[in-house]
$ cat my_file12.json   # JSON, C-alpha atoms and all ligand atoms
[["chain", "number", "residue", "atom", "x", "y", "z"],
["Y", 2, "MET", "CA", 9.80, 11.64, 69.59],
["Y", 3, "VAL", "CA", 9.90, 14.22, 72.41],
["Y", 4, "ASN", "CA", 9.10, 12.81, 75.86],
["Y", 5, "PRO", "CA", 6.96, 15.13, 77.98],
["Y", 6, "THR", "CA", 8.41, 16.25, 81.30],
["Y", 7, "PRO", "CA", 5.77, 16.24, 84.09],
["Y", 8, "ASP", "CA", 5.04, 19.95, 83.64],
["Y", 9, "ARG", "CA", 4.35, 19.31, 79.95],
["Y", 10, "LEU", "CA", 1.74, 16.61, 80.44],
["Y", 11, "LEU", "CA", -1.61, 17.29, 78.86],
["Y", 12, "SER", "CA", -4.20, 17.69, 81.62],
["Y", 13, "ARG", "CA", -7.66, 16.27, 81.12],
["Y", 14, "ASP", "CA", -9.22, 19.75, 81.05],
["Y", 15, "VAL", "CA", -6.89, 21.08, 78.39],
["Y", 16, "PHE", "CA", -7.24, 17.83, 76.43],
["Y", 17, "ARG", "CA", -10.99, 18.41, 76.32],
["Y", 18, "LEU", "CA", -10.57, 21.99, 75.17],
["Y", 19, "LEU", "CA", -8.18, 20.90, 72.40],
["Y", 20, "ARG", "CA", -10.45, 18.04, 71.47],
["Y", 21, "ASP", "CA", -13.35, 20.49, 71.03],
["Y", 22, "LEU", "CA", -11.27, 22.75, 68.81],
["Y", 23, "ILE", "CA", -10.33, 19.79, 66.60],
["Y", 24, "TYR", "CA", -13.95, 18.67, 66.48],
["Y", 25, "ASP", "CA", -15.27, 22.10, 65.52],
["Y", 26, "TYR", "CA", -12.66, 22.32, 62.79],
["Y", 27, "CYS", "CA", -13.03, 18.94, 61.11],
["Y", 28, "GLY", "CA", -15.66, 16.76, 62.82],
["Y", 29, "ILE", "CA", -13.18, 14.20, 64.17],
["Y", 30, "PHE", "CA", -14.07, 13.31, 67.74],
["Y", 31, "PHE", "CA", -11.62, 11.97, 70.33],
["Y", 32, "GLU", "CA", -12.88, 10.09, 73.37],
["Y", 33, "ASP", "CA", -11.19, 10.75, 76.72],
["Y", 34, "ASP", "CA", -8.96, 7.70, 76.32],
["Y", 35, "ALA", "CA", -7.24, 9.36, 73.34],
["Y", 36, "ALA", "CA", -5.61, 11.98, 75.60],
["Y", 37, "TYR", "CA", -2.25, 10.22, 75.60],
["Y", 38, "LEU", "CA", -2.23, 9.91, 71.81],
["Y", 39, "ILE", "CA", -3.03, 13.60, 71.41],
["Y", 40, "GLN", "CA", -0.30, 14.50, 73.90],
["Y", 41, "ARG", "CA", 2.26, 12.40, 72.02],
["Y", 42, "ARG", "CA", 1.31, 13.69, 68.59],
["Y", 43, "LEU", "CA", 1.03, 17.38, 69.55],
["Y", 44, "LEU", "CA", 3.93, 17.82, 71.94],
["Y", 45, "PRO", "CA", 6.31, 18.49, 69.01],
["Y", 46, "ARG", "CA", 4.11, 21.49, 68.11],
["Y", 47, "VAL", "CA", 4.41, 22.86, 71.65],
["Y", 48, "GLU", "CA", 8.18, 22.51, 71.28],
["Y", 49, "THR", "CA", 8.37, 23.99, 67.79],
["Y", 50, "LEU", "CA", 6.36, 27.04, 68.83],
["Y", 51, "SER", "CA", 8.58, 27.42, 71.94],
["Y", 52, "LEU", "CA", 5.57, 27.34, 74.23],
["Y", 53, "ALA", "CA", 5.85, 26.36, 77.88],
["Y", 54, "ASP", "CA", 3.15, 23.67, 77.92],
["Y", 55, "PHE", "CA", -0.23, 22.57, 76.53],
["Y", 56, "ASN", "CA", -2.05, 25.35, 78.45],
["Y", 57, "ASP", "CA", -0.01, 27.84, 76.48],
["Y", 58, "TYR", "CA", -0.65, 25.91, 73.30],
["Y", 59, "TYR", "CA", -4.40, 26.17, 73.84],
["Y", 60, "ARG", "CA", -4.09, 29.88, 74.67],
["Y", 61, "TYR", "CA", -2.02, 30.33, 71.52],
["Y", 62, "LEU", "CA", -4.72, 28.68, 69.40],
["Y", 63, "ARG", "CA", -7.40, 30.93, 70.94],
["Y", 64, "SER", "CA", -5.48, 34.18, 70.62],
["Y", 65, "VAL", "CA", -3.81, 34.13, 67.17],
["Y", 66, "SER", "CA", -5.38, 35.53, 64.00],
["Y", 67, "PRO", "CA", -7.99, 33.37, 62.23],
["Y", 68, "GLU", "CA", -5.42, 32.61, 59.49],
["Y", 69, "ALA", "CA", -2.71, 31.51, 61.96],
["Y", 70, "ARG", "CA", -5.25, 29.47, 63.89],
["Y", 71, "ARG", "CA", -6.41, 27.74, 60.76],
["Y", 72, "ALA", "CA", -2.81, 27.00, 59.79],
["Y", 73, "GLU", "CA", -2.18, 25.49, 63.23],
["Y", 74, "LEU", "CA", -5.36, 23.42, 63.02],
["Y", 75, "GLU", "CA", -4.06, 22.10, 59.71],
["Y", 76, "GLU", "CA", -0.83, 21.14, 61.48],
["Y", 77, "ILE", "CA", -2.85, 19.35, 64.15],
["Y", 78, "VAL", "CA", -4.91, 17.46, 61.59],
["Y", 79, "GLU", "CA", -1.74, 16.29, 59.84],
["Y", 80, "ARG", "CA", -0.66, 14.74, 63.14],
["Y", 81, "VAL", "CA", -3.88, 13.22, 64.43],
["Y", 82, "THR", "CA", -5.53, 11.72, 61.34],
["Y", 83, "THR", "CA", -5.14, 8.15, 60.11],
["Y", 84, "ASN", "CA", -4.24, 8.05, 56.42],
["Y", 85, "GLU", "CA", -3.98, 4.29, 55.92],
["Y", 86, "THR", "CA", -5.13, 3.21, 52.45],
["Y", 87, "TYR", "CA", -4.18, 0.97, 49.49],
["Y", 88, "PHE", "CA", -5.26, 0.16, 45.94],
["Y", 89, "PHE", "CA", -8.34, -2.05, 45.46],
["Y", 90, "ARG", "CA", -9.36, -1.91, 49.12],
["Y", 91, "GLU", "CA", -12.64, -3.75, 49.89],
["Y", 92, "SER", "CA", -12.82, -5.61, 46.60],
["Y", 93, "TYR", "CA", -16.43, -6.89, 46.81],
["Y", 94, "GLN", "CA", -17.60, -3.27, 46.87],
["Y", 95, "LEU", "CA", -15.40, -2.44, 43.90],
["Y", 96, "ASP", "CA", -16.95, -5.40, 42.04],
["Y", 97, "ALA", "CA", -20.36, -3.85, 42.72],
["Y", 98, "PHE", "CA", -19.09, -0.55, 41.33],
["Y", 99, "ARG", "CA", -17.57, -2.02, 38.16],
["Y", 100, "LEU", "CA", -20.08, -4.77, 37.36],
["Y", 101, "GLU", "CA", -23.35, -3.21, 38.53],
["Y", 102, "ILE", "CA", -23.20, 0.53, 39.24],
["Y", 103, "LEU", "CA", -21.17, 1.58, 36.18],
["Y", 104, "PRO", "CA", -23.33, -0.39, 33.67],
["Y", 105, "GLU", "CA", -26.46, 1.10, 35.29],
["Y", 106, "LEU", "CA", -25.10, 4.65, 34.97],
["Y", 107, "PHE", "CA", -23.99, 3.91, 31.40],
["Y", 108, "ALA", "CA", -27.49, 2.77, 30.44],
["Y", 109, "ARG", "CA", -29.36, 5.52, 32.31],
["Y", 110, "ARG", "CA", -27.05, 8.44, 31.44],
["Y", 111, "PRO", "CA", -28.22, 10.75, 34.25],
["Y", 112, "ARG", "CA", -26.04, 13.61, 32.96],
["Y", 113, "GLY", "CA", -25.65, 12.73, 29.29],
["Y", 114, "LYS", "CA", -22.24, 11.31, 28.42],
["Y", 115, "ARG", "CA", -20.65, 12.66, 31.58],
["Y", 116, "LEU", "CA", -19.50, 10.60, 34.54],
["Y", 117, "THR", "CA", -18.02, 12.14, 37.68],
["Y", 118, "VAL", "CA", -16.89, 10.15, 40.69],
["Y", 119, "TRP", "CA", -15.68, 11.72, 43.94],
["Y", 120, "SER", "CA", -13.33, 9.98, 46.33],
["Y", 121, "ALA", "CA", -14.02, 12.03, 49.48],
["Y", 122, "GLY", "CA", -11.26, 11.44, 52.04],
["Y", 123, "CYS", "CA", -8.95, 9.84, 49.47],
["Y", 124, "ALA", "CA", -5.79, 9.99, 51.63],
["Y", 125, "SER", "CA", -2.73, 9.45, 49.37],
["Y", 126, "GLY", "CA", -4.87, 8.83, 46.29],
["Y", 127, "GLU", "CA", -4.93, 5.03, 45.91],
["Y", 128, "GLU", "CA", -8.75, 5.00, 46.09],
["Y", 129, "ALA", "CA", -9.15, 7.67, 43.39],
["Y", 130, "TYR", "CA", -6.75, 5.90, 40.99],
["Y", 131, "THR", "CA", -8.47, 2.58, 41.72],
["Y", 132, "ILE", "CA", -11.78, 4.15, 40.68],
["Y", 133, "ALA", "CA", -10.24, 5.47, 37.45],
["Y", 134, "ILE", "CA", -8.82, 2.00, 36.68],
["Y", 135, "LEU", "CA", -12.20, 0.36, 37.29],
["Y", 136, "ILE", "CA", -13.89, 2.83, 34.95],
["Y", 137, "GLN", "CA", -11.34, 2.03, 32.22],
["Y", 138, "GLU", "CA", -11.66, -1.70, 32.85],
["Y", 139, "ALA", "CA", -15.45, -1.46, 32.52],
["Y", 140, "GLY", "CA", -14.77, -0.56, 28.86],
["Y", 141, "LEU", "CA", -17.97, 1.47, 28.47],
["Y", 142, "PHE", "CA", -16.95, 5.09, 28.69],
["Y", 143, "ALA", "CA", -14.32, 5.62, 25.96],
["Y", 144, "ASP", "CA", -16.22, 8.56, 24.40],
["Y", 145, "TRP", "CA", -17.55, 9.99, 27.67],
["Y", 146, "ASP", "CA", -16.27, 12.91, 29.67],
["Y", 147, "VAL", "CA", -15.01, 10.95, 32.70],
["Y", 148, "ARG", "CA", -13.65, 12.67, 35.78],
["Y", 149, "VAL", "CA", -12.44, 11.30, 39.06],
["Y", 150, "PHE", "CA", -11.89, 13.81, 41.83],
["Y", 151, "GLY", "CA", -10.02, 12.91, 45.02],
["Y", 152, "SER", "CA", -10.12, 15.17, 48.06],
["Y", 153, "ASP", "CA", -8.73, 15.11, 51.55],
["Y", 154, "ILE", "CA", -8.28, 17.52, 54.43],
["Y", 155, "SER", "CA", -4.55, 16.74, 54.63],
["Y", 156, "ARG", "CA", -2.24, 18.61, 52.28],
["Y", 157, "LYS", "CA", 0.58, 16.16, 52.94],
["Y", 158, "VAL", "CA", -1.28, 13.12, 51.62],
["Y", 159, "LEU", "CA", -2.54, 15.12, 48.63],
["Y", 160, "GLN", "CA", 1.07, 15.82, 47.62],
["Y", 161, "ILE", "CA", 1.64, 12.06, 47.41],
["Y", 162, "ALA", "CA", -1.61, 11.62, 45.50],
["Y", 163, "ARG", "CA", -0.63, 14.24, 42.92],
["Y", 164, "LYS", "CA", 2.79, 12.66, 42.40],
["Y", 165, "GLY", "CA", 1.21, 9.24, 41.95],
["Y", 166, "ILE", "CA", 4.31, 7.28, 43.01],
["Y", 167, "TYR", "CA", 3.74, 4.35, 45.36],
["Y", 168, "GLY", "CA", 5.68, 1.66, 47.20],
["Y", 169, "ARG", "CA", 4.88, -2.02, 47.63],
["Y", 170, "ALA", "CA", 2.47, -1.66, 50.56],
["Y", 171, "SER", "CA", -0.02, 0.18, 48.38],
["Y", 172, "PHE", "CA", -0.28, -2.83, 46.04],
["Y", 173, "ARG", "CA", -1.04, -5.51, 48.63],
["Y", 174, "THR", "CA", -4.28, -6.49, 46.84],
["Y", 175, "THR", "CA", -3.54, -5.42, 43.26],
["Y", 176, "GLU", "CA", -3.44, -8.00, 40.47],
["Y", 177, "PRO", "CA", -0.02, -8.04, 38.71],
["Y", 178, "ARG", "CA", -1.72, -7.56, 35.32],
["Y", 179, "VAL", "CA", -3.45, -4.40, 36.51],
["Y", 180, "GLN", "CA", -0.27, -3.13, 38.12],
["Y", 181, "ARG", "CA", 1.70, -3.62, 34.88],
["Y", 182, "ARG", "CA", -0.96, -1.97, 32.76],
["Y", 183, "TYR", "CA", -1.54, 1.19, 34.80],
["Y", 184, "PHE", "CA", 1.84, 1.76, 36.49],
["Y", 185, "ARG", "CA", 5.41, 1.97, 35.36],
["Y", 186, "GLU", "CA", 8.43, 1.16, 37.49],
["Y", 187, "ALA", "CA", 10.71, 3.99, 38.50],
["Y", 188, "ASP", "CA", 13.56, 3.50, 41.00],
["Y", 189, "GLY", "CA", 11.94, 0.53, 42.69],
["Y", 190, "LYS", "CA", 8.64, 2.41, 43.05],
["Y", 191, "HIS", "CA", 5.56, 2.41, 40.85],
["Y", 192, "GLN", "CA", 4.30, 5.48, 39.07],
["Y", 193, "VAL", "CA", 0.76, 5.94, 37.76],
["Y", 194, "ARG", "CA", 0.88, 6.08, 33.95],
["Y", 195, "ASP", "CA", 0.02, 9.46, 32.41],
["Y", 196, "GLU", "CA", -3.11, 8.24, 30.59],
["Y", 197, "LEU", "CA", -4.66, 7.35, 33.93],
["Y", 198, "LYS", "CA", -3.31, 10.35, 35.78],
["Y", 199, "GLN", "CA", -4.99, 12.72, 33.33],
["Y", 200, "GLN", "CA", -8.41, 11.52, 34.42],
["Y", 201, "VAL", "CA", -7.82, 12.12, 38.11],
["Y", 202, "SER", "CA", -7.50, 15.44, 39.92],
["Y", 203, "PHE", "CA", -7.06, 16.26, 43.59],
["Y", 204, "GLY", "CA", -8.00, 19.10, 45.91],
["Y", 205, "GLN", "CA", -7.98, 19.94, 49.58],
["Y", 206, "ILE", "CA", -11.48, 19.80, 51.05],
["Y", 207, "ASN", "CA", -12.50, 19.65, 54.67],
["Y", 208, "LEU", "CA", -15.76, 17.72, 54.46],
["Y", 209, "PHE", "CA", -16.95, 19.36, 57.68],
["Y", 210, "ASP", "CA", -16.71, 22.80, 56.06],
["Y", 211, "GLU", "CA", -19.61, 22.92, 53.63],
["Y", 212, "PRO", "CA", -18.54, 26.10, 51.76],
["Y", 213, "MET", "CA", -15.30, 24.25, 50.85],
["Y", 214, "THR", "CA", -17.33, 21.52, 49.15],
["Y", 215, "MET", "CA", -18.58, 24.15, 46.66],
["Y", 216, "LEU", "CA", -15.43, 23.22, 44.72],
["Y", 217, "VAL", "CA", -17.20, 20.01, 43.76],
["Y", 218, "GLY", "CA", -20.07, 20.12, 41.26],
["Y", 219, "GLU", "CA", -22.70, 17.46, 40.78],
["Y", 220, "VAL", "CA", -21.32, 13.92, 40.97],
["Y", 221, "ASP", "CA", -22.72, 10.49, 40.10],
["Y", 222, "VAL", "CA", -20.91, 8.37, 42.68],
["Y", 223, "ILE", "CA", -19.26, 9.26, 45.97],
["Y", 224, "PHE", "CA", -16.81, 6.98, 47.73],
["Y", 225, "CYS", "CA", -16.47, 8.13, 51.34],
["Y", 226, "ARG", "CA", -14.87, 5.11, 52.93],
["Y", 227, "ASN", "CA", -13.20, 4.82, 56.31],
["Y", 228, "VAL", "CA", -13.46, 8.56, 56.92],
["Y", 229, "LEU", "CA", -16.59, 8.95, 59.05],
["Y", 230, "ILE", "CA", -15.48, 6.24, 61.51],
["Y", 231, "TYR", "CA", -13.46, 8.98, 63.21],
["Y", 232, "PHE", "CA", -16.49, 11.29, 63.53],
["Y", 233, "ASP", "CA", -19.37, 11.32, 66.04],
["Y", 234, "GLN", "CA", -23.05, 10.98, 65.10],
["Y", 235, "ALA", "CA", -23.65, 14.73, 64.75],
["Y", 236, "SER", "CA", -20.61, 15.38, 62.54],
["Y", 237, "ARG", "CA", -21.33, 12.27, 60.45],
["Y", 238, "LYS", "CA", -24.86, 13.49, 59.84],
["Y", 239, "ARG", "CA", -23.63, 16.90, 58.81],
["Y", 240, "VAL", "CA", -21.19, 15.43, 56.27],
["Y", 241, "ILE", "CA", -23.72, 12.91, 54.94],
["Y", 242, "ASP", "CA", -26.23, 15.74, 54.33],
["Y", 243, "THR", "CA", -23.56, 17.59, 52.36],
["Y", 244, "LEU", "CA", -22.73, 14.50, 50.29],
["Y", 245, "TYR", "CA", -26.42, 13.96, 49.59],
["Y", 246, "ARG", "CA", -26.70, 17.44, 48.09],
["Y", 247, "LYS", "CA", -23.73, 16.78, 45.78],
["Y", 248, "LEU", "CA", -25.12, 13.58, 44.26],
["Y", 249, "SER", "CA", -27.09, 13.53, 41.02],
["Y", 250, "LYS", "CA", -30.53, 11.91, 41.26],
["Y", 251, "GLY", "CA", -30.05, 8.17, 41.35],
["Y", 252, "GLY", "CA", -26.39, 8.71, 42.32],
["Y", 253, "TYR", "CA", -24.61, 6.28, 44.63],
["Y", 254, "LEU", "CA", -22.88, 6.66, 47.99],
["Y", 255, "LEU", "CA", -20.34, 3.99, 48.94],
["Y", 256, "LEU", "CA", -19.22, 3.89, 52.57],
["Y", 257, "GLY", "CA", -16.59, 1.68, 54.21],
["Y", 258, "HIS", "CA", -17.59, -1.85, 55.21],
["Y", 259, "SER", "CA", -18.01, -0.93, 58.89],
["Y", 260, "GLU", "CA", -20.00, 2.24, 58.17],
["Y", 261, "SER", "CA", -23.71, 2.74, 57.63],
["Y", 262, "LEU", "CA", -26.39, 5.42, 57.61],
["Y", 263, "ILE", "CA", -28.36, 3.81, 60.44],
["Y", 264, "ASN", "CA", -29.65, 6.56, 62.77],
["Y", 265, "LEU", "CA", -28.18, 9.22, 60.49],
["Y", 266, "THR", "CA", -30.61, 9.77, 57.65],
["Y", 267, "THR", "CA", -33.46, 8.11, 55.78],
["Y", 268, "ALA", "CA", -32.92, 10.21, 52.67],
["Y", 269, "PHE", "CA", -31.05, 7.45, 50.80],
["Y", 270, "GLU", "CA", -32.41, 4.14, 49.50],
["Y", 271, "LEU", "CA", -30.50, 1.02, 50.48],
["Y", 272, "VAL", "CA", -29.93, -0.95, 47.28],
["Y", 273, "HIS", "CA", -29.17, -4.68, 47.44],
["Y", 274, "LEU", "CA", -26.78, -5.39, 44.57],
["Y", 275, "LYS", "CA", -25.34, -8.86, 43.89],
["Y", 276, "ASN", "CA", -21.90, -7.91, 45.20],
["Y", 277, "ASP", "CA", -22.74, -5.45, 47.98],
["Y", 278, "MET", "CA", -25.35, -3.19, 49.55],
["Y", 279, "VAL", "CA", -24.98, 0.46, 48.62],
["Y", 280, "TYR", "CA", -26.85, 3.72, 49.19],
["Y", 281, "ARG", "CA", -28.59, 5.61, 46.41],
["Y", 282, "LYS", "CA", -30.19, 9.03, 46.21],
["Y", 283, "PRO", "CA", -33.78, 8.49, 45.05],
["Y", 284, "THR", "CA", -34.49, 9.46, 41.44],
["W", 1, "LIG", "C1", -8.28, 6.00, 56.71],
["W", 1, "LIG", "S1", -8.17, 7.19, 55.43],
["W", 1, "LIG", "C2", -9.28, 6.47, 54.24],
["W", 1, "LIG", "C3", -8.72, 6.54, 52.85],
["W", 1, "LIG", "C4", -9.59, 5.85, 51.79],
["W", 1, "LIG", "N1", -10.89, 6.47, 51.70],
["W", 1, "LIG", "C5", -9.71, 4.37, 52.05],
["W", 1, "LIG", "O1", -10.78, 3.91, 52.46],
["W", 1, "LIG", "O2", -8.73, 3.66, 51.85],
["W", 1, "LIG", "C6", -9.15, 8.55, 56.11],
["W", 1, "LIG", "C7", -8.87, 9.89, 55.46],
["W", 1, "LIG", "O3", -9.90, 10.81, 55.83],
["W", 1, "LIG", "C8", -9.33, 12.08, 55.91],
["W", 1, "LIG", "N2", -10.21, 12.98, 56.69],
["W", 1, "LIG", "C9", -10.45, 12.97, 58.01],
["W", 1, "LIG", "N3", -11.27, 13.97, 58.35],
["W", 1, "LIG", "C10", -11.56, 14.65, 57.21],
["W", 1, "LIG", "C11", -12.35, 15.79, 56.91],
["W", 1, "LIG", "N4", -13.01, 16.48, 57.85],
["W", 1, "LIG", "N5", -12.41, 16.19, 55.63],
["W", 1, "LIG", "C12", -11.75, 15.53, 54.66],
["W", 1, "LIG", "N6", -10.97, 14.44, 54.87],
["W", 1, "LIG", "C13", -10.89, 14.01, 56.15],
["W", 1, "LIG", "C14", -7.98, 11.83, 56.57],
["W", 1, "LIG", "O4", -7.06, 12.89, 56.32],
["W", 1, "LIG", "C15", -7.56, 10.50, 55.92],
["W", 1, "LIG", "O5", -6.70, 10.71, 54.83]]
$ encode --input "my_file12.json" --output "structure tokens"
Amino acid sequence: MVNPTPDRLLSRDVFRLLRDLIYDYCGIFFEDDAAYLIQRRLLPRVETLSLADFNDYYRYLRSVSPEARRAELEEIVERVTTNETYFFRESYQLDAFRLEILPELFARRPRGKRLTVWSAGCASGEEAYTIAILIQEAGLFADWDVRVFGSDISRKVLQIARKGIYGRASFRTTEPRVQRRYFREADGKHQVRDELKQQVSFGQINLFDEPMTMLVGEVDVIFCRNVLIYFDQASRKRVIDTLYRKLSKGGYLLLGHSESLINLTTAFELVHLKNDMVYRKPT
């Protein structure tokens, strides 16, 4: 970690300018009290680019070509996002998915024998593989065209997701039986078995950039959990409107346990399932 010398401290004014650039790029909003965190995480970029200080860094971001600016914003996002995740996170919601949502979709067949689930903001992929496991465990879709798509803004975490090799921390709430069935041990780590891997694909999508979401077709269920907590109301609303457009009629939106659509939109129905409350696009 590089310690800033006094002339390299991030001033409040420049912090706010950088914060606005980050916000416009990806919707993540930093309050004023995050200035120190931003300084700590971005100082290595100032060093790497051989710039004098954060003023120069901001000037650099404003003056380079759109491509170079985008590349630098990607670097910033890699440093300021939280990518914490693990398999089978928030199990009561996953019970609702497996025991209630999947049987409902199986019976209703909104898109024939096709089922597509999107893990939007999947970090290193544990959520997307969890979804694929739950679909297999439901035992209903053997002759269906099942696809699970995981996306994230961070290329680094997507590399891990594509490899599908995980350490112990990712399995903190995984049943041993499930772990044995869907993973094989390799050098003290655990690798997703090929049968499961084939059902899951990954791509880089900035949810705040609607044209990028064109990569995703119509989907039946969207998991967007613990992503929008880093956004403000306006950027949350923008992303939720995009997700709404991607869902099939009667499709489900599953947010993290501390997230809701209150004051964001009334377009979804709130459905009280036995295991959880979820949002659904009206049929
Ligand atoms: C805390 S993780 C959540 C992972 C997983 N959904 C879960 O609940 O375990 C949040 C993820 O959201 C991603 N993210 C943040 N802003 C994003 C954006 N604008 N577009 C896409 N992904 C974003 C981050 O890169 C990070 O990997």
$ atom_distance --input "my_file12.json" --atom1 "atom CA of Thr49 of chain Y" --atom2 "atom CA of Leu74 of chain Y"
14.5 Å
$ residues_around --input "my_file12.json" --residues "segment 55-69 of chain Y" --least-positions-apart "4" --cutoff "9 Å" --atoms "all atoms listed in the file" --output "PyMOL selection string"
chain Y and resi 9-12+15-16+18-19+22+40+43-44+46-47+50+73-74
$ write_last_selection --input "my_file12.json" --atoms "C-alpha atoms" --output "tab-separated table (two decimals), keeping the file's coordinate frame"
chain	number	residue	atom	x	y	z
Y	9	ARG	CA	4.35	19.31	79.95
Y	10	LEU	CA	1.74	16.61	80.44
Y	11	LEU	CA	-1.61	17.29	78.86
Y	12	SER	CA	-4.20	17.69	81.62
Y	15	VAL	CA	-6.89	21.08	78.39
Y	16	PHE	CA	-7.24	17.83	76.43
Y	18	LEU	CA	-10.57	21.99	75.17
Y	19	LEU	CA	-8.18	20.90	72.40
Y	22	LEU	CA	-11.27	22.75	68.81
Y	40	GLN	CA	-0.30	14.50	73.90
Y	43	LEU	CA	1.03	17.38	69.55
Y	44	LEU	CA	3.93	17.82	71.94
Y	46	ARG	CA	4.11	21.49	68.11
Y	47	VAL	CA	4.41	22.86	71.65
Y	50	LEU	CA	6.36	27.04	68.83
Y	73	GLU	CA	-2.18	25.49	63.23
Y	74	LEU	CA	-5.36	23.42	63.02
$ residues_near_ligand --input "my_file12.json" --ligand "ligand LIG 1 (chain W)" --cutoff "6 Å" --atoms "all atoms listed in the file" --output "number ranges by chain"
Y: 27-28, 82-87, 122-124, 128, 153-155, 206-209, 225-228
$ write_last_selection --input "my_file12.json" --atoms "C-alpha atoms" --output "PDB file, in the frame of the given file"
ATOM      1  CA  CYS Y  27     -13.030  18.940  61.110  1.00  0.00           C
ATOM      2  CA  GLY Y  28     -15.660  16.760  62.820  1.00  0.00           C
ATOM      3  CA  THR Y  82      -5.530  11.720  61.340  1.00  0.00           C
ATOM      4  CA  THR Y  83      -5.140   8.150  60.110  1.00  0.00           C
ATOM      5  CA  ASN Y  84      -4.240   8.050  56.420  1.00  0.00           C
ATOM      6  CA  GLU Y  85      -3.980   4.290  55.920  1.00  0.00           C
ATOM      7  CA  THR Y  86      -5.130   3.210  52.450  1.00  0.00           C
ATOM      8  CA  TYR Y  87      -4.180   0.970  49.490  1.00  0.00           C
ATOM      9  CA  GLY Y 122     -11.260  11.440  52.040  1.00  0.00           C
ATOM     10  CA  CYS Y 123      -8.950   9.840  49.470  1.00  0.00           C
ATOM     11  CA  ALA Y 124      -5.790   9.990  51.630  1.00  0.00           C
ATOM     12  CA  GLU Y 128      -8.750   5.000  46.090  1.00  0.00           C
ATOM     13  CA  ASP Y 153      -8.730  15.110  51.550  1.00  0.00           C
ATOM     14  CA  ILE Y 154      -8.280  17.520  54.430  1.00  0.00           C
ATOM     15  CA  SER Y 155      -4.550  16.740  54.630  1.00  0.00           C
ATOM     16  CA  ILE Y 206     -11.480  19.800  51.050  1.00  0.00           C
ATOM     17  CA  ASN Y 207     -12.500  19.650  54.670  1.00  0.00           C
ATOM     18  CA  LEU Y 208     -15.760  17.720  54.460  1.00  0.00           C
ATOM     19  CA  PHE Y 209     -16.950  19.360  57.680  1.00  0.00           C
ATOM     20  CA  CYS Y 225     -16.470   8.130  51.340  1.00  0.00           C
ATOM     21  CA  ARG Y 226     -14.870   5.110  52.930  1.00  0.00           C
ATOM     22  CA  ASN Y 227     -13.200   4.820  56.310  1.00  0.00           C
ATOM     23  CA  VAL Y 228     -13.460   8.560  56.920  1.00  0.00           C
TER      24      VAL Y 228
END
$ closest_residue --input "my_file12.json" --among "Y:Tyr253, Y:Tyr245, Y:Tyr130, Y:Trp145" --to "Lys198 of chain Y" --atoms "all atoms listed in the file"
Y:Tyr130
$ closest_residue --input "my_file12.json" --among "Y:Gly140, Y:Pro45, Y:Gly113, Y:Gly168" --to "Ser125 of chain Y" --atoms "only C-alpha atoms"
Y:Gly168
$ atom_distance --input "my_file12.json" --atom1 "atom CA of Tyr37 of chain Y" --atom2 "atom CA of Asp14 of chain Y"
13.0 Å
$ residues_around --input "my_file12.json" --residues "His273 of chain Y" --least-positions-apart "3" --cutoff "12 Å" --atoms "only C-alpha atoms" --output "list of chain:residue names"
Y:Gln94, Y:Ala97, Y:Glu101, Y:Ile102, Y:Glu270, Y:Asn276, Y:Asp277, Y:Met278, Y:Val279, Y:Tyr280, Y:Arg281
$ write_last_selection --input "my_file12.json" --atoms "C-alpha atoms" --output "short mmCIF file (atom, residue, chain, number, x, y, z; two decimals), in the frame of the given file"
data_model
loop_
_atom_site.label_atom_id
_atom_site.label_comp_id
_atom_site.auth_asym_id
_atom_site.auth_seq_id
_atom_site.Cartn_x
_atom_site.Cartn_y
_atom_site.Cartn_z
CA GLN Y 94 -17.60 -3.27 46.87
CA ALA Y 97 -20.36 -3.85 42.72
CA GLU Y 101 -23.35 -3.21 38.53
CA ILE Y 102 -23.20 0.53 39.24
CA GLU Y 270 -32.41 4.14 49.50
CA ASN Y 276 -21.90 -7.91 45.20
CA ASP Y 277 -22.74 -5.45 47.98
CA MET Y 278 -25.35 -3.19 49.55
CA VAL Y 279 -24.98 0.46 48.62
CA TYR Y 280 -26.85 3.72 49.19
CA ARG Y 281 -28.59 5.61 46.41
#
$ closest_residue --input "my_file12.json" --among "Y:Val201, Y:Asn264, Y:Ala53, Y:Thr214" --to "Lys238 of chain Y" --atoms "all atoms listed in the file"
Y:Asn264
